Amino acid sequence: MTDQPTPAPGAEGPDAAQSGTTFTPAFDHPVSPKERMTIDRSHMPEQDALLRAANFREVNLGYSQQLAMLEAERCLQCKNPVCIEGCPVRVNIPLFIERLRVGDMDGAAASLLDDNALPCVTGRVCPQEIQCEGRCVRAKKGSSVAIGSLERYVADWAMAHPDRSKADAPTSSGRSVAVVGSGPAGLTAAGELVKKGHDVTVFEAFHAAGGVLIYGIPEFRLPKDIVQQEVDRLVASGVKIETNAIVGRTYTLRELRDRFDAVFLAVGAGLPVFMNVPGENFKGVYSANEYLTRVNLMGAWNPESDTPVLKGHRVVVVGGGNVAIDSVRTAKRLGAEEATIVYRRGKAELPARAEEVHHAEQEGIRFELQVAPLEVLADENRWVTGLRCIRMELGEPDASGRRRPIPIEGSEFVIDCEMVVVAIGTRSNPLLTASEPDLALNQAGYIVTDEHGMSSLPGVFAGGDIVRGAATVILAMGDGKRAAASVDAWLRGEYPPVDEPRVPARTTAPIAARSEA
């Protein structure tokens, strides 16, 4: 756009988070709402597509100080900040952006960390385009504010300056809580509960904390050291984490109920769903869960790792969600010359984030759309040789609201491949739930809770995918945050809790003076 405000002298300098220089506002004069509307959205730098398709380094490189403060100027600071309504964890978005805009990084970090237990994570993998950014008033004329990119910038700054964003230790409540599962719902609940003064212990079945954040999301989208630093910050705040602890085997739920004053179940929904087609048991067929866990959690992405994982020259991934896109892009990085997505609907119906689909296309991923698998083919030794498919046409919308795929008679064809990864969804794992007969489940095996998150067992709460079914990281975090409020009310004898306002009140506190990085 033309006639943009003139940036302040020096605003284009090096990243202050690294250089130690003062955070300077992007402009040297107050910017009017009309002027703000002339500022184009800042695009986050990213690795070149051809280079990144051969490595596991993070694709998005993050904002510089200049880009972050320029983007912060685009926020209109609406009187009715509907962006907050679009955020499942109710981050006070205008507040942290305004503090960033004026150079108050301590204030921006404090505000963000108070609302969000895992901001470095959500700034990278949250589908902001359909949540906070999807509600942004700025988008009515142009592009929404890049809320996710600004969140990532502030969160990364806070991570790099831990001594600048320490919260005061709360007074101990004398009550204890067990959190089962260290994924996004469990970690969020633990972070919220420890701030209330409760003694919190997280039980994790794997040898490392993070849940789907470490086993399900690839390094190039969410580096594992970022997840570990988020976990370390929670541990520093007082959260205890016990790994290699399988509730239902190592401990029973009844034992936890006896040891703790309350329990929050956040075990996710990690049991894979398969296609139910002939040949699905041939060698070379993976569930996306196993494939991504071997690569991400067990380190098979690293050429020096001893973790075994097949690395086919031609790999087909069945599915169209984020897990499918993660799997096919992983296969490409592991050396697949041809990595293909097979999805039974069209591009407009792909459930994956538009950014991830775009990145996949840039990296040379092949999309076979409106195609459904019929049979996995193999040689005499039962090794995969191909996937027999049929083309589909789209009919009327089904219960999901998407157009129903209908097979086209006589359109069968074969995609040659050595590997097939099935990424069509997950369901509840009965390992924990089957061990406690008094825990009420629905027909699909998910835990039934009341409107505040309590299960059929008094003092036992549940949230995330084990209640709602497979969903996004941020929705699980929202469940964790709401459940923590309910657990706290239960421990204080005030259950059911008084509902919080849907939109946090805007602060009237003065913004601190500009800080030094």
# chains A, B, ... in the order shown; residues from 1 in each chain; ligands from 1
>>> closest_atom_pairs(of="stretch 77-108 of chain A", to="stretch 119-128 of chain A", cutoff="10 Å", atoms="only C-alpha atoms", output="JSON lines")
{"residue": "A:Cys83", "atom": "CA", "partner": "A:Gln128", "partner_atom": "CA", "distance": 9.8}
{"residue": "A:Gly86", "atom": "CA", "partner": "A:Gln128", "partner_atom": "CA", "distance": 8.6}
{"residue": "A:Cys87", "atom": "CA", "partner": "A:Gln128", "partner_atom": "CA", "distance": 8.3}
{"residue": "A:Val91", "atom": "CA", "partner": "A:Pro119", "partner_atom": "CA", "distance": 9.7}
>>> residues_around(residues="stretch 146-159 of chain A", least_positions_apart="6", cutoff="8 Å", atoms="only C-alpha atoms", output="PyMOL selection string")
chain A and resi 17+41-42+44+62-63+68+71-72+93+97+100+105-106+108-109+112-113+119-124+126+128+132-133+165+229
>>> write_last_selection(atoms="N, CA, C and O atoms", output="tab-separated table (two decimals), in the first residue's frame")
chain	number	residue	atom	x	y	z
A	17	ALA	N	16.36	-8.12	21.05
A	17	ALA	CA	16.42	-9.24	21.98
A	17	ALA	C	17.81	-9.87	21.98
A	17	ALA	O	18.22	-10.49	22.95
A	41	ARG	N	0.50	-6.02	6.45
A	41	ARG	CA	0.86	-7.09	7.37
A	41	ARG	C	2.30	-7.54	7.10
A	41	ARG	O	2.71	-7.71	5.95
A	42	SER	N	3.06	-7.73	8.17
A	42	SER	CA	4.46	-8.16	8.05
A	42	SER	C	4.52	-9.67	7.88
A	42	SER	O	3.99	-10.42	8.71
A	44	MET	N	6.25	-13.22	8.04
A	44	MET	CA	7.34	-13.82	8.81
A	44	MET	C	8.35	-14.47	7.87
A	44	MET	O	7.98	-15.25	6.99
A	62	GLY	N	10.68	-16.52	12.53
A	62	GLY	CA	10.35	-15.54	13.56
A	62	GLY	C	10.59	-14.11	13.11
A	62	GLY	O	11.35	-13.84	12.20
A	63	TYR	N	9.89	-13.20	13.78
A	63	TYR	CA	10.04	-11.77	13.50
A	63	TYR	C	11.35	-11.23	14.04
A	63	TYR	O	11.85	-11.68	15.06
A	68	ALA	N	8.31	-7.00	14.33
A	68	ALA	CA	7.36	-7.17	15.43
A	68	ALA	C	6.73	-5.85	15.84
A	68	ALA	O	5.51	-5.75	16.01
A	71	GLU	N	4.41	-4.56	13.12
A	71	GLU	CA	3.14	-5.28	13.11
A	71	GLU	C	2.26	-4.89	14.29
A	71	GLU	O	1.03	-4.80	14.18
A	72	ALA	N	2.89	-4.65	15.46
A	72	ALA	CA	2.12	-4.24	16.64
A	72	ALA	C	1.39	-2.93	16.41
A	72	ALA	O	0.32	-2.70	16.98
A	93	ILE	N	-5.15	-10.20	24.25
A	93	ILE	CA	-4.35	-9.89	23.06
A	93	ILE	C	-4.03	-8.40	22.93
A	93	ILE	O	-2.87	-8.03	22.72
A	97	ILE	N	-0.02	-6.80	23.01
A	97	ILE	CA	0.41	-6.13	21.77
A	97	ILE	C	0.70	-4.65	22.03
A	97	ILE	O	1.69	-4.10	21.53
A	100	LEU	N	3.99	-4.35	23.78
A	100	LEU	CA	5.05	-4.55	22.80
A	100	LEU	C	5.22	-3.30	21.93
A	100	LEU	O	6.35	-2.88	21.65
A	105	MET	N	8.75	-4.61	26.92
A	105	MET	CA	8.82	-6.05	26.73
A	105	MET	C	8.55	-6.81	28.03
A	105	MET	O	7.95	-7.88	28.01
A	106	ASP	N	8.97	-6.26	29.17
A	106	ASP	CA	8.68	-6.91	30.44
A	106	ASP	C	7.17	-6.99	30.65
A	106	ASP	O	6.65	-8.03	31.05
A	108	ALA	N	4.81	-6.83	28.31
A	108	ALA	CA	4.22	-7.70	27.29
A	108	ALA	C	4.38	-9.16	27.69
A	108	ALA	O	3.44	-9.96	27.60
A	109	ALA	N	5.58	-9.53	28.14
A	109	ALA	CA	5.84	-10.91	28.53
A	109	ALA	C	5.02	-11.30	29.75
A	109	ALA	O	4.45	-12.39	29.81
A	112	LEU	N	1.35	-11.87	28.74
A	112	LEU	CA	1.17	-13.09	27.95
A	112	LEU	C	1.32	-14.34	28.81
A	112	LEU	O	0.51	-15.27	28.74
A	113	LEU	N	2.36	-14.37	29.65
A	113	LEU	CA	2.60	-15.54	30.48
A	113	LEU	C	1.53	-15.72	31.56
A	113	LEU	O	1.27	-16.84	32.00
A	119	PRO	N	3.07	-20.19	25.64
A	119	PRO	CA	2.96	-19.24	24.53
A	119	PRO	C	3.94	-19.50	23.39
A	119	PRO	O	3.64	-19.17	22.24
A	120	CYS	N	5.12	-20.06	23.68
A	120	CYS	CA	6.05	-20.39	22.59
A	120	CYS	C	5.47	-21.47	21.67
A	120	CYS	O	5.76	-21.51	20.48
A	121	VAL	N	4.66	-22.33	22.26
A	121	VAL	CA	4.01	-23.39	21.49
A	121	VAL	C	2.86	-22.83	20.67
A	121	VAL	O	2.79	-23.04	19.45
A	122	THR	N	1.95	-22.12	21.31
A	122	THR	CA	0.77	-21.63	20.59
A	122	THR	C	1.14	-20.61	19.53
A	122	THR	O	0.47	-20.51	18.51
A	123	GLY	N	2.22	-19.86	19.76
A	123	GLY	CA	2.66	-18.92	18.74
A	123	GLY	C	3.14	-19.60	17.48
A	123	GLY	O	3.28	-18.97	16.43
A	124	ARG	N	3.39	-20.92	17.57
A	124	ARG	CA	3.89	-21.67	16.42
A	124	ARG	C	2.84	-22.58	15.78
A	124	ARG	O	2.81	-22.72	14.57
A	126	CYS	N	-0.72	-22.88	16.80
A	126	CYS	CA	-2.14	-22.56	16.97
A	126	CYS	C	-2.75	-22.10	15.65
A	126	CYS	O	-2.13	-21.32	14.92
A	128	GLN	N	-4.39	-19.71	14.39
A	128	GLN	CA	-4.89	-18.36	14.66
A	128	GLN	C	-5.83	-17.85	13.57
A	128	GLN	O	-6.74	-17.07	13.84
A	132	CYS	N	-8.33	-16.26	16.88
A	132	CYS	CA	-8.18	-14.84	17.20
A	132	CYS	C	-8.08	-13.98	15.95
A	132	CYS	O	-8.78	-12.96	15.81
A	133	GLU	N	-7.23	-14.39	15.00
A	133	GLU	CA	-7.07	-13.59	13.78
A	133	GLU	C	-8.33	-13.64	12.91
A	133	GLU	O	-8.63	-12.68	12.20
A	165	SER	N	10.95	-12.27	33.62
A	165	SER	CA	9.52	-12.60	33.58
A	165	SER	C	9.13	-13.58	34.68
A	165	SER	O	8.22	-14.39	34.52
A	229	GLN	N	11.92	-26.21	27.05
A	229	GLN	CA	12.05	-24.97	27.81
A	229	GLN	C	10.72	-24.53	28.42
A	229	GLN	O	10.68	-23.99	29.53
>>> select_by_dssp(residues="stretch 304-419 of chain A", states="helix (DSSP H, G or I)", output="MDAnalysis selection string")
chainID A and resid 322:333 347:349 354:362
>>> residues_around(residues="stretch 310-322 of chain A", least_positions_apart="4", cutoff="9 Å", atoms="only C-alpha atoms", output="number ranges by chain")
A: 275, 284, 288, 291, 326-328, 331-332, 334-345, 347, 349-353, 356-357, 372-373, 386-387, 415-425
>>> residues_around(residues="stretch 178-195 of chain A", least_positions_apart="5", cutoff="7 Å", atoms="only C-alpha atoms", output="PDB file with N, CA and C atoms, in the first residue's frame")
ATOM      1  N   ALA A 117       0.012 -20.642  29.445  1.00  0.00           N
ATOM      2  CA  ALA A 117       1.097 -21.440  30.034  1.00  0.00           C
ATOM      3  C   ALA A 117       2.133 -21.871  29.012  1.00  0.00           C
ATOM      4  N   PRO A 170       3.269 -18.125  44.832  1.00  0.00           N
ATOM      5  CA  PRO A 170       1.986 -17.996  45.534  1.00  0.00           C
ATOM      6  C   PRO A 170       2.067 -18.597  46.937  1.00  0.00           C
ATOM      7  N   VAL A 200       1.301 -29.604  42.736  1.00  0.00           N
ATOM      8  CA  VAL A 200       0.877 -30.287  41.513  1.00  0.00           C
ATOM      9  C   VAL A 200       1.936 -31.270  41.044  1.00  0.00           C
ATOM     10  N   THR A 201       1.507 -32.514  40.786  1.00  0.00           N
ATOM     11  CA  THR A 201       2.380 -33.534  40.208  1.00  0.00           C
ATOM     12  C   THR A 201       1.759 -34.031  38.911  1.00  0.00           C
ATOM     13  N   VAL A 202       2.543 -33.998  37.836  1.00  0.00           N
ATOM     14  CA  VAL A 202       2.101 -34.472  36.528  1.00  0.00           C
ATOM     15  C   VAL A 202       2.674 -35.867  36.304  1.00  0.00           C
ATOM     16  N   PHE A 203       1.829 -36.811  35.896  1.00  0.00           N
ATOM     17  CA  PHE A 203       2.251 -38.181  35.605  1.00  0.00           C
ATOM     18  C   PHE A 203       2.218 -38.395  34.092  1.00  0.00           C
ATOM     19  N   GLU A 204       3.375 -38.750  33.524  1.00  0.00           N
ATOM     20  CA  GLU A 204       3.518 -38.915  32.070  1.00  0.00           C
ATOM     21  C   GLU A 204       3.977 -40.336  31.757  1.00  0.00           C
ATOM     22  N   ALA A 209       8.344 -35.307  28.975  1.00  0.00           N
ATOM     23  CA  ALA A 209       7.083 -34.575  29.094  1.00  0.00           C
ATOM     24  C   ALA A 209       6.799 -33.786  27.819  1.00  0.00           C
ATOM     25  N   GLY A 210       5.519 -33.578  27.559  1.00  0.00           N
ATOM     26  CA  GLY A 210       5.109 -32.782  26.402  1.00  0.00           C
ATOM     27  C   GLY A 210       3.968 -33.388  25.622  1.00  0.00           C
ATOM     28  N   GLY A 211       3.736 -34.683  25.773  1.00  0.00           N
ATOM     29  CA  GLY A 211       2.626 -35.315  25.068  1.00  0.00           C
ATOM     30  C   GLY A 211       2.740 -35.140  23.568  1.00  0.00           C
ATOM     31  N   VAL A 212       1.622 -34.809  22.939  1.00  0.00           N
ATOM     32  CA  VAL A 212       1.591 -34.663  21.478  1.00  0.00           C
ATOM     33  C   VAL A 212       2.563 -33.597  20.990  1.00  0.00           C
ATOM     34  N   LEU A 213       2.938 -32.669  21.848  1.00  0.00           N
ATOM     35  CA  LEU A 213       3.864 -31.605  21.453  1.00  0.00           C
ATOM     36  C   LEU A 213       5.243 -32.161  21.113  1.00  0.00           C
ATOM     37  N   LEU A 234       7.636 -24.398  33.666  1.00  0.00           N
ATOM     38  CA  LEU A 234       6.600 -24.859  34.582  1.00  0.00           C
ATOM     39  C   LEU A 234       7.209 -25.539  35.801  1.00  0.00           C
ATOM     40  N   GLY A 238       7.173 -24.634  40.093  1.00  0.00           N
ATOM     41  CA  GLY A 238       6.747 -25.524  41.167  1.00  0.00           C
ATOM     42  C   GLY A 238       6.074 -26.805  40.730  1.00  0.00           C
ATOM     43  N   VAL A 239       5.813 -26.977  39.427  1.00  0.00           N
ATOM     44  CA  VAL A 239       5.168 -28.197  38.946  1.00  0.00           C
ATOM     45  C   VAL A 239       6.153 -29.368  39.025  1.00  0.00           C
ATOM     46  N   LEU A 256      -4.244 -42.766  42.920  1.00  0.00           N
ATOM     47  CA  LEU A 256      -4.070 -41.315  42.822  1.00  0.00           C
ATOM     48  C   LEU A 256      -5.147 -40.578  43.609  1.00  0.00           C
ATOM     49  N   PHE A 260      -3.993 -37.879  46.430  1.00  0.00           N
ATOM     50  CA  PHE A 260      -4.152 -36.457  46.115  1.00  0.00           C
ATOM     51  C   PHE A 260      -5.572 -35.985  46.428  1.00  0.00           C
ATOM     52  N   ALA A 262      -7.284 -33.917  44.511  1.00  0.00           N
ATOM     53  CA  ALA A 262      -8.048 -33.856  43.263  1.00  0.00           C
ATOM     54  C   ALA A 262      -7.181 -34.429  42.146  1.00  0.00           C
ATOM     55  N   VAL A 263      -7.829 -34.864  41.062  1.00  0.00           N
ATOM     56  CA  VAL A 263      -7.135 -35.447  39.917  1.00  0.00           C
ATOM     57  C   VAL A 263      -7.689 -34.828  38.640  1.00  0.00           C
ATOM     58  N   PHE A 264      -6.791 -34.514  37.707  1.00  0.00           N
ATOM     59  CA  PHE A 264      -7.211 -34.037  36.386  1.00  0.00           C
ATOM     60  C   PHE A 264      -6.672 -35.012  35.339  1.00  0.00           C
ATOM     61  N   LEU A 265      -7.566 -35.604  34.561  1.00  0.00           N
ATOM     62  CA  LEU A 265      -7.195 -36.579  33.536  1.00  0.00           C
ATOM     63  C   LEU A 265      -7.092 -35.884  32.183  1.00  0.00           C
ATOM     64  N   ALA A 266      -5.898 -35.937  31.604  1.00  0.00           N
ATOM     65  CA  ALA A 266      -5.641 -35.289  30.312  1.00  0.00           C
ATOM     66  C   ALA A 266      -4.770 -36.214  29.476  1.00  0.00           C
ATOM     67  N   VAL A 267      -5.272 -37.437  29.248  1.00  0.00           N
ATOM     68  CA  VAL A 267      -4.460 -38.466  28.608  1.00  0.00           C
ATOM     69  C   VAL A 267      -4.583 -38.466  27.088  1.00  0.00           C
ATOM     70  N   GLY A 463     -10.288 -33.385  30.732  1.00  0.00           N
ATOM     71  CA  GLY A 463     -10.382 -32.407  29.657  1.00  0.00           C
ATOM     72  C   GLY A 463      -9.435 -32.749  28.529  1.00  0.00           C
ATOM     73  N   GLY A 464      -9.534 -32.005  27.448  1.00  0.00           N
ATOM     74  CA  GLY A 464      -8.720 -32.256  26.275  1.00  0.00           C
ATOM     75  C   GLY A 464      -9.334 -33.348  25.417  1.00  0.00           C
ATOM     76  N   VAL A 473      -4.254 -28.326  19.603  1.00  0.00           N
ATOM     77  CA  VAL A 473      -3.492 -28.035  20.814  1.00  0.00           C
ATOM     78  C   VAL A 473      -4.170 -26.948  21.637  1.00  0.00           C
ATOM     79  N   ALA A 476      -7.311 -28.018  23.509  1.00  0.00           N
ATOM     80  CA  ALA A 476      -6.940 -28.800  24.694  1.00  0.00           C
ATOM     81  C   ALA A 476      -6.448 -27.881  25.807  1.00  0.00           C
ATOM     82  N   MET A 477      -5.681 -26.861  25.447  1.00  0.00           N
ATOM     83  CA  MET A 477      -5.202 -25.912  26.453  1.00  0.00           C
ATOM     84  C   MET A 477      -6.361 -25.156  27.085  1.00  0.00           C
ATOM     85  N   ASP A 479      -9.351 -26.289  27.499  1.00  0.00           N
ATOM     86  CA  ASP A 479      -9.966 -27.227  28.440  1.00  0.00           C
ATOM     87  C   ASP A 479      -9.163 -27.300  29.728  1.00  0.00           C
ATOM     88  N   GLY A 480      -7.832 -27.330  29.591  1.00  0.00           N
ATOM     89  CA  GLY A 480      -6.982 -27.391  30.770  1.00  0.00           C
ATOM     90  C   GLY A 480      -7.129 -26.177  31.662  1.00  0.00           C
ATOM     91  N   LYS A 481      -7.256 -25.021  31.047  1.00  0.00           N
ATOM     92  CA  LYS A 481      -7.379 -23.789  31.824  1.00  0.00           C
ATOM     93  C   LYS A 481      -8.728 -23.730  32.547  1.00  0.00           C
ATOM     94  N   ALA A 483     -10.599 -26.348  33.330  1.00  0.00           N
ATOM     95  CA  ALA A 483     -10.613 -27.400  34.344  1.00  0.00           C
ATOM     96  C   ALA A 483      -9.841 -26.979  35.590  1.00  0.00           C
ATOM     97  N   ALA A 484      -8.737 -26.263  35.394  1.00  0.00           N
ATOM     98  CA  ALA A 484      -7.955 -25.802  36.546  1.00  0.00           C
ATOM     99  C   ALA A 484      -8.784 -24.886  37.441  1.00  0.00           C
ATOM    100  N   ASP A 488      -9.644 -25.825  41.269  1.00  0.00           N
ATOM    101  CA  ASP A 488      -9.361 -24.865  42.345  1.00  0.00           C
ATOM    102  C   ASP A 488     -10.615 -24.583  43.162  1.00  0.00           C
TER     103      ASP A 488
END
>>> closest_residue(among="A:Ser435, A:Gln77, A:Asn55, A:Ser400", to="A:Glu98", atoms="only C-alpha atoms")
A:Gln77
>>> residues_around(residues="A:Glu393", least_positions_apart="6", cutoff="12 Å", atoms="only C-alpha atoms", output="PyMOL selection string")
chain A and resi 343-346+369-372+403-409+411
>>> residues_around(residues="A:His452", least_positions_apart="5", cutoff="10 Å", atoms="only C-alpha atoms", output="count of residues only")
15
>>> select_by_dssp(residues="stretch 135-307 of chain A", states="strand (DSSP E)", output="list in words")
Ser176, Val177, Ala178, Val179, Val180, Asp199, Val200, Thr201, Val202, Phe203, Lys240, Ile241, Glu242, Ala262, Val263, Phe264, Leu265, Leu271, Pro272, Val285, Tyr286 and Ser287 of chain A
>>> atom_distance(atom1="atom CA of A:Asp48", atom2="atom CA of A:Glu304")
24.2 Å
>>> closest_residue(among="A:Arg175, A:Arg90, A:Arg391, A:Arg233", to="A:His161", atoms="only C-alpha atoms")
A:Arg233
>>> atom_distance(atom1="atom CA of A:Pro437", atom2="atom CA of A:Glu242")
24.9 Å
